[in-house]
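Peer 1: Below is a structure I'd like to ask you about.
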Amino acid sequence: MSAFSRFADSLGRIWAMMIKETIQLTRDRVTLATMISIPVMQLILFGFAINTTPHHMPVGVLMQEESDVGRSILAGLQNTDFYDFKLVTRSEAEFDAAMRAGDILFGVEIPAGFERALRRGERPALLVAADATDPVATGTALGALDNVVKLALVRDRFTGAETATAPAFEIRQHRRYNPAGSSQLNIVPGLLGTILTMTLLIFTALSVTREIERGTMENLLAMPIRPTEIMLGKIAPYVVAGFFQAALILIAGLVVFRVPVVGSFGLLTFLTTLFIVTNLSIGYTFSTLARNQLQAVQMAMMFFLPSILLSGFMFPFSGMPYWAQWVGEILPLTHYVRIVRAIMLKGADLTDLAREGLALTALMLAAMTVAVKRFRVTLD
Amino acid sequence: MVEAAEVVIDVEGLVKTFDGRRVVNNLSMQVRKGQIYGFLGPNGSGKTTTIRMLCGLLVPDAGRGTCLGHDILTEARQIRRRVGYMTQKFSLYQDLTIRENLEFVGRLYRLDHPRDRASAAIERLGLNGRDGQLAGQLSGGWKQRLALGACILPEPDLLLLDEPTAGVDPQARRDFWTEIHALAAEGLTVLVSTHYMDEAERCHEIAYIAYGELLVKGTVDEVVAGAGLTTLTVTGPGVVGLPRDLKGLPGVDMVAPFGLNLHVCGRDRAALEAAVAPFRGRADLTWSEGAATLEDVFIDLMSRSRDNFK
């Protein structure tokens, strides 16, 4: 048999599986109802914001002049544990790109001629740009910045102590992407990812165990279908279901909460599909690990909880201890929350989000590999 | 010795152990093309396990063999393409209709025009007009008929049927066996496990398996003759209390009521005669020479093998 006809054969079997799963899905009224009711309920319930004090925020400095004052401010920022310097650059383009990609949440711009103007007592402006897509995280850091800079300048005697109360310079804040600091702008895009994680995970988590519990697996295994084909055929209909949910949440976000979509809809669609497939794969993996449907649901829940807590959806990612950040990095929701905020609020493009997209792809492939390896083609 | 090309199932020394319990022990069997091969034995004797090993659903711990010319250890996929396996429990999708189930099977086996094939199968099974009914709502007999239809849809060369008629009414069972014989006449090989003696007698060849061991095999007549059982039939009003008196006597291996008669069996004719001699003279009993039935043979085999495994 040629490679092509083998491939066509395989597609045919996946197609058979997809049709079967789709029919079963449409017959399952309860699942259909949860698909719609969970997004609606969650959107309504999550009307509150959660607050915490972040530290180790990724910060960039745009130095438009090399000066003692600049170095002094830098040193002052380094002395607190609020900030982590990710970038010190002279290029405005590089600075902007880093913020769009989410490498820095926060930037200090020392304009050209700042030192000279300061010495002359002209009250020059120190520009601070913050990524306000997460207003909770940036708000606190912005507040702290004021004092840090003042103290640094006083210590290094660029300004007198008496001027510390009436500073010789002004700090001009620029809350990028979310000027009003609205937390709905932060919550709704994150909620898109959270709801998709919660529902999709459970859909596929039940799929293999259900066949085993109902006794249909024995028949399925006796037929000439491969584990990969079963997996793809089972996942595919739910991609459409997940897509439908995403559209529902997005429309509600746009209409009810007036969240803008600054970036490309196409890119959002593409990366959302990737995220949906990743979640379905992980759910499917649980399905191959669990012995029954109850266990599968428990596993999905155990995965869902850290996803909510550690993804940066509920609490600012930069506020978490490092170990928690590491855990967060292996959760698809973490990457998706960044993606969806970046696209909807910042207008990020694919190059900005390549890293997050790759992370999702890697997680998806890892889950699929485990699922296919774990899938037992015999009843042993 | 049968000709190699004609042998569809040829396995040797199959062993399967679950949690340290030998479910199938050193089992060898051969099934020729076009045969209906009956697989008999008490519950838990290893029939299902053997069938599952034949179609690659279980990997034997030891032993080797071929099914349809493919190695059961390494070529399970090729075997699955050409085998129709009907599970003991109904294992099609209860939430799909009859037609949807058949079309699903057709598509999985990559048949051309799965819709037409499903229609043809519905026709053949006499399920016309019911094709939109959910499989889960069918009665036992119809479920079994549907399962058989799904099995033969991809035109397999071998059917493995695991207790297909359990819990099915006599009419449906008879129809089922008519169908099986029609399929065998077309060249299909059938391995069928059952508990029913009348079904065993409809098979071309039978094998009796108990405690994982294949005890006897051959045609029904060969198996009955090979058992060497002497059977006496007793009738009359005194039959009611007789089993209590006879059981345990040396030479009496089995006492079983058959309607108004009583079958008294023994392997050793002389010992049996000696044991029943005191009862011969009773006026309320009539003794006659009977023929051992297949059931007598199997119950005797079962009690003997139980003794061996104690």
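Chain identifiers are assigned as A, B, and so on, following the order in which chains appear in the structure tokens; residues are numbered from 1 within each chain, and ligands are numbered from 1 in order of appearance.
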Residues of chain B were defined as contacting chain A if any atom lay at most 6 Å from it, counting only C-alpha atoms; please report them as number ranges by chain.
Peer 2: B: 57-58, 80-81, 91-92, 104, 107-108
Peer 1: Env of region 243-259 of chain A: 9 Å cut, atoms = only C-alpha atoms, seq-sep filter 3 positions within chain, self excluded. Answer as a ChimeraX atom specification.
Peer 2: /A:35-36,39-40,43,184-186,188-189,191-193,195-196,238-240,269,272-273,276,344-345
Peer 1: Can I get the selected residues back with N, CA and C atoms, as a PDB file, in the first residue's frame?
Peer 2:
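Output saved as result_5.pdb:
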ATOM      1  N   MET A  35     -21.959  23.408  28.111  1.00  0.00           N
ATOM      2  CA  MET A  35     -21.121  24.154  27.171  1.00  0.00           C
ATOM      3  C   MET A  35     -21.548  25.611  27.078  1.00  0.00           C
ATOM      4  N   ILE A  36     -22.844  25.823  27.208  1.00  0.00           N
ATOM      5  CA  ILE A  36     -23.338  27.195  27.106  1.00  0.00           C
ATOM      6  C   ILE A  36     -23.436  27.862  28.481  1.00  0.00           C
ATOM      7  N   PRO A  39     -19.842  29.209  30.457  1.00  0.00           N
ATOM      8  CA  PRO A  39     -19.290  30.517  30.083  1.00  0.00           C
ATOM      9  C   PRO A  39     -20.159  31.675  30.577  1.00  0.00           C
ATOM     10  N   VAL A  40     -21.462  31.546  30.406  1.00  0.00           N
ATOM     11  CA  VAL A  40     -22.360  32.632  30.794  1.00  0.00           C
ATOM     12  C   VAL A  40     -22.283  32.881  32.305  1.00  0.00           C
ATOM     13  N   LEU A  43     -18.849  34.367  33.412  1.00  0.00           N
ATOM     14  CA  LEU A  43     -18.694  35.766  33.022  1.00  0.00           C
ATOM     15  C   LEU A  43     -19.431  36.676  33.996  1.00  0.00           C
ATOM     16  N   GLN A 184     -11.885  45.029  34.359  1.00  0.00           N
ATOM     17  CA  GLN A 184     -12.626  44.168  33.428  1.00  0.00           C
ATOM     18  C   GLN A 184     -11.811  43.912  32.176  1.00  0.00           C
ATOM     19  N   LEU A 185     -11.027  44.912  31.785  1.00  0.00           N
ATOM     20  CA  LEU A 185     -10.168  44.734  30.629  1.00  0.00           C
ATOM     21  C   LEU A 185      -9.136  43.654  30.888  1.00  0.00           C
ATOM     22  N   ASN A 186      -8.826  43.491  32.155  1.00  0.00           N
ATOM     23  CA  ASN A 186      -7.867  42.461  32.541  1.00  0.00           C
ATOM     24  C   ASN A 186      -8.572  41.122  32.718  1.00  0.00           C
ATOM     25  N   VAL A 188     -11.680  39.932  31.651  1.00  0.00           N
ATOM     26  CA  VAL A 188     -12.426  39.272  30.579  1.00  0.00           C
ATOM     27  C   VAL A 188     -11.544  38.461  29.629  1.00  0.00           C
ATOM     28  N   PRO A 189     -10.427  39.023  29.142  1.00  0.00           N
ATOM     29  CA  PRO A 189      -9.585  38.178  28.290  1.00  0.00           C
ATOM     30  C   PRO A 189      -9.064  36.950  29.025  1.00  0.00           C
ATOM     31  N   LEU A 191     -10.544  35.441  31.415  1.00  0.00           N
ATOM     32  CA  LEU A 191     -11.682  34.556  31.619  1.00  0.00           C
ATOM     33  C   LEU A 191     -11.935  33.673  30.396  1.00  0.00           C
ATOM     34  N   LEU A 192     -11.660  34.232  29.234  1.00  0.00           N
ATOM     35  CA  LEU A 192     -11.793  33.460  27.997  1.00  0.00           C
ATOM     36  C   LEU A 192     -10.983  32.169  28.101  1.00  0.00           C
ATOM     37  N   GLY A 193      -9.716  32.328  28.547  1.00  0.00           N
ATOM     38  CA  GLY A 193      -8.856  31.158  28.691  1.00  0.00           C
ATOM     39  C   GLY A 193      -9.310  30.227  29.798  1.00  0.00           C
ATOM     40  N   ILE A 195     -12.321  29.728  31.124  1.00  0.00           N
ATOM     41  CA  ILE A 195     -13.545  28.979  30.814  1.00  0.00           C
ATOM     42  C   ILE A 195     -13.253  27.877  29.815  1.00  0.00           C
ATOM     43  N   LEU A 196     -12.424  28.198  28.826  1.00  0.00           N
ATOM     44  CA  LEU A 196     -12.078  27.170  27.838  1.00  0.00           C
ATOM     45  C   LEU A 196     -11.354  26.012  28.519  1.00  0.00           C
ATOM     46  N   TYR A 238     -14.705  18.538  19.341  1.00  0.00           N
ATOM     47  CA  TYR A 238     -14.681  19.460  20.467  1.00  0.00           C
ATOM     48  C   TYR A 238     -13.914  20.742  20.146  1.00  0.00           C
ATOM     49  N   VAL A 239     -13.087  20.703  19.111  1.00  0.00           N
ATOM     50  CA  VAL A 239     -12.439  21.940  18.671  1.00  0.00           C
ATOM     51  C   VAL A 239     -13.523  22.911  18.217  1.00  0.00           C
ATOM     52  N   VAL A 240     -14.478  22.369  17.479  1.00  0.00           N
ATOM     53  CA  VAL A 240     -15.588  23.198  17.016  1.00  0.00           C
ATOM     54  C   VAL A 240     -16.393  23.696  18.221  1.00  0.00           C
ATOM     55  N   THR A 269      -7.822  34.148  16.566  1.00  0.00           N
ATOM     56  CA  THR A 269      -8.495  32.900  16.193  1.00  0.00           C
ATOM     57  C   THR A 269      -7.495  31.757  16.100  1.00  0.00           C
ATOM     58  N   THR A 272      -6.117  30.900  19.537  1.00  0.00           N
ATOM     59  CA  THR A 272      -7.172  30.321  20.371  1.00  0.00           C
ATOM     60  C   THR A 272      -7.410  28.861  19.975  1.00  0.00           C
ATOM     61  N   THR A 273      -7.387  28.604  18.665  1.00  0.00           N
ATOM     62  CA  THR A 273      -7.536  27.221  18.202  1.00  0.00           C
ATOM     63  C   THR A 273      -6.416  26.355  18.772  1.00  0.00           C
ATOM     64  N   ILE A 276      -7.154  25.678  22.335  1.00  0.00           N
ATOM     65  CA  ILE A 276      -8.263  24.722  22.473  1.00  0.00           C
ATOM     66  C   ILE A 276      -7.743  23.295  22.273  1.00  0.00           C
ATOM     67  N   MET A 344      -5.694  41.346  22.430  1.00  0.00           N
ATOM     68  CA  MET A 344      -6.896  42.147  22.590  1.00  0.00           C
ATOM     69  C   MET A 344      -6.588  43.576  23.035  1.00  0.00           C
ATOM     70  N   LEU A 345      -5.615  43.717  23.926  1.00  0.00           N
ATOM     71  CA  LEU A 345      -5.402  45.028  24.517  1.00  0.00           C
ATOM     72  C   LEU A 345      -4.197  45.759  23.954  1.00  0.00           C
TER      73      LEU A 345
END
Peer 1: Write out as a list in words each polymer residue whose atoms come within 8 Å of Thr228 (chain A), counting only C-alpha atoms; drop sequence neighbours fewer than 3 positions from it.
Peer 2: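 Result of the neighbour search: Met231, Leu232 and Val372 of chain A.
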Peer 1: Which residues are close to region 52-56 of chain B, i.e. within 8 Å by only C-alpha atoms, leaving aside same-chain residues fewer than 2 positions away? Reply as a PyMOL selection string.
Peer 2: (chain A and resi 222+378) or (chain B and resi 48-50+58-60+67+72-73+76-77+79-80+83+85)
Peer 1: If I take CA of Thr233 (chain B) and CA of Met197 (chain B), how far is one from the other in Å, to one decimal?
Peer 2: 19.0 Å
Peer 1: Of the candidates B:Leu153, B:Ala172, B:Met29, B:Ile299, which shows the shortest atom-to-atom distance to Val255 (chain B), using only C-alpha atoms?
Peer 2: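 Counting only C-alpha atoms, the residue closest to Val255 (chain B) is B:Ile299.
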Peer 1: Would you give me, as a PyMOL selection string, the residues in region 60-213 of chain A that DSSP reads as strand (DSSP E or B)?
Peer 2: chain A and resi 60-63+83-89+106-110+125-131+170-176
Peer 1: Emit the selected residues as a PDB file, in the first residue's frame, including C-alpha atoms.
Peer 2:
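out25.pdb, freshly written:
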ATOM      1  CA  GLY A  60      13.120  47.959  31.170  1.00  0.00           C
ATOM      2  CA  VAL A  61      15.010  51.248  31.107  1.00  0.00           C
ATOM      3  CA  LEU A  62      15.225  53.415  28.040  1.00  0.00           C
ATOM      4  CA  MET A  63      18.356  55.537  28.479  1.00  0.00           C
ATOM      5  CA  TYR A  83      11.845  45.405  39.999  1.00  0.00           C
ATOM      6  CA  ASP A  84      13.932  43.058  37.930  1.00  0.00           C
ATOM      7  CA  PHE A  85      15.909  44.642  35.115  1.00  0.00           C
ATOM      8  CA  LYS A  86      15.328  42.771  31.915  1.00  0.00           C
ATOM      9  CA  LEU A  87      16.474  45.400  29.516  1.00  0.00           C
ATOM     10  CA  VAL A  88      18.575  48.555  29.458  1.00  0.00           C
ATOM     11  CA  THR A  89      18.566  50.021  26.007  1.00  0.00           C
ATOM     12  CA  PHE A 106       7.119  48.452  33.185  1.00  0.00           C
ATOM     13  CA  GLY A 107       9.573  50.901  31.665  1.00  0.00           C
ATOM     14  CA  VAL A 108      11.468  53.948  32.837  1.00  0.00           C
ATOM     15  CA  GLU A 109      12.498  56.403  30.200  1.00  0.00           C
ATOM     16  CA  ILE A 110      15.276  58.855  30.981  1.00  0.00           C
ATOM     17  CA  ALA A 125      10.021  64.865  33.338  1.00  0.00           C
ATOM     18  CA  LEU A 126      10.943  61.242  34.006  1.00  0.00           C
ATOM     19  CA  LEU A 127       8.702  59.181  31.797  1.00  0.00           C
ATOM     20  CA  VAL A 128       7.306  55.918  33.207  1.00  0.00           C
ATOM     21  CA  ALA A 129       5.448  53.562  30.918  1.00  0.00           C
ATOM     22  CA  ALA A 130       3.478  50.698  32.416  1.00  0.00           C
ATOM     23  CA  ASP A 131       1.711  47.779  30.808  1.00  0.00           C
ATOM     24  CA  GLU A 170       8.307  65.249  37.784  1.00  0.00           C
ATOM     25  CA  ILE A 171       7.246  61.691  37.033  1.00  0.00           C
ATOM     26  CA  ARG A 172       4.953  61.406  34.087  1.00  0.00           C
ATOM     27  CA  GLN A 173       3.055  58.117  34.078  1.00  0.00           C
ATOM     28  CA  HIS A 174       1.757  56.533  30.984  1.00  0.00           C
ATOM     29  CA  ARG A 175      -0.558  53.571  31.525  1.00  0.00           C
ATOM     30  CA  ARG A 176      -0.288  51.844  28.227  1.00  0.00           C
TER      31      ARG A 176
END
Peer 1: Applying 10 Å and only C-alpha atoms, which residues near Glu66 (chain A) remain after dropping the ones on its own chain fewer than 3 positions away? List them as a VMD selection string.
Peer 2: chain A and resid 63 69 to 71 90 110 to 115
Peer 1: Keeping N, CA and C atoms for every residue in the selection just given, could you write it to a file as a PDB file, in the first residue's frame?
Peer 2:
ATOM      1  N   MET A  63      17.395  54.495  28.128  1.00  0.00           N
ATOM      2  CA  MET A  63      18.356  55.537  28.479  1.00  0.00           C
ATOM      3  C   MET A  63      18.615  56.382  27.251  1.00  0.00           C
ATOM      4  N   VAL A  69      22.996  60.758  36.680  1.00  0.00           N
ATOM      5  CA  VAL A  69      21.647  60.708  37.237  1.00  0.00           C
ATOM      6  C   VAL A  69      20.946  59.431  36.826  1.00  0.00           C
ATOM      7  N   GLY A  70      21.098  59.094  35.548  1.00  0.00           N
ATOM      8  CA  GLY A  70      20.486  57.869  35.036  1.00  0.00           C
ATOM      9  C   GLY A  70      20.953  56.657  35.815  1.00  0.00           C
ATOM     10  N   ARG A  71      22.308  56.569  35.969  1.00  0.00           N
ATOM     11  CA  ARG A  71      22.865  55.437  36.708  1.00  0.00           C
ATOM     12  C   ARG A  71      22.383  55.413  38.138  1.00  0.00           C
ATOM     13  N   ARG A  90      19.082  51.816  24.520  1.00  0.00           N
ATOM     14  CA  ARG A  90      18.982  53.181  24.022  1.00  0.00           C
ATOM     15  C   ARG A  90      17.970  53.255  22.895  1.00  0.00           C
ATOM     16  N   ILE A 110      14.521  57.668  30.582  1.00  0.00           N
ATOM     17  CA  ILE A 110      15.276  58.855  30.981  1.00  0.00           C
ATOM     18  C   ILE A 110      15.545  59.657  29.726  1.00  0.00           C
ATOM     19  N   PRO A 111      14.858  60.777  29.548  1.00  0.00           N
ATOM     20  CA  PRO A 111      14.966  61.509  28.287  1.00  0.00           C
ATOM     21  C   PRO A 111      16.324  62.181  28.141  1.00  0.00           C
ATOM     22  N   ALA A 112      16.658  62.482  26.903  1.00  0.00           N
ATOM     23  CA  ALA A 112      17.918  63.180  26.624  1.00  0.00           C
ATOM     24  C   ALA A 112      17.899  64.544  27.322  1.00  0.00           C
ATOM     25  N   GLY A 113      19.013  64.895  27.911  1.00  0.00           N
ATOM     26  CA  GLY A 113      19.122  66.206  28.559  1.00  0.00           C
ATOM     27  C   GLY A 113      18.515  66.262  29.951  1.00  0.00           C
ATOM     28  N   PHE A 114      18.217  65.072  30.502  1.00  0.00           N
ATOM     29  CA  PHE A 114      17.559  65.025  31.804  1.00  0.00           C
ATOM     30  C   PHE A 114      18.463  65.571  32.912  1.00  0.00           C
ATOM     31  N   GLU A 115      19.743  65.122  32.887  1.00  0.00           N
ATOM     32  CA  GLU A 115      20.667  65.519  33.954  1.00  0.00           C
ATOM     33  C   GLU A 115      20.904  67.022  33.955  1.00  0.00           C
TER      34      GLU A 115
END
Peer 1: Pick out each residue of region 187-340 of chain A that DSSP on the backbone tags as helix (DSSP H, G or I); I need them as a VMD selection string.
Peer 2: chain A and resid 187 to 205 207 to 214 216 to 221 227 to 255 265 to 289 293 to 310 317 to 319 322 to 329 332 to 340
Peer 1: In terms of the shortest atom-to-atom distance over only C-alpha atoms, which of B:Asp245, B:Glu213, B:Asp95, B:Asp268 is closest to Leu138 (chain B)?
Peer 2: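 So, comparing all the options, the nearest one is B:Asp95.
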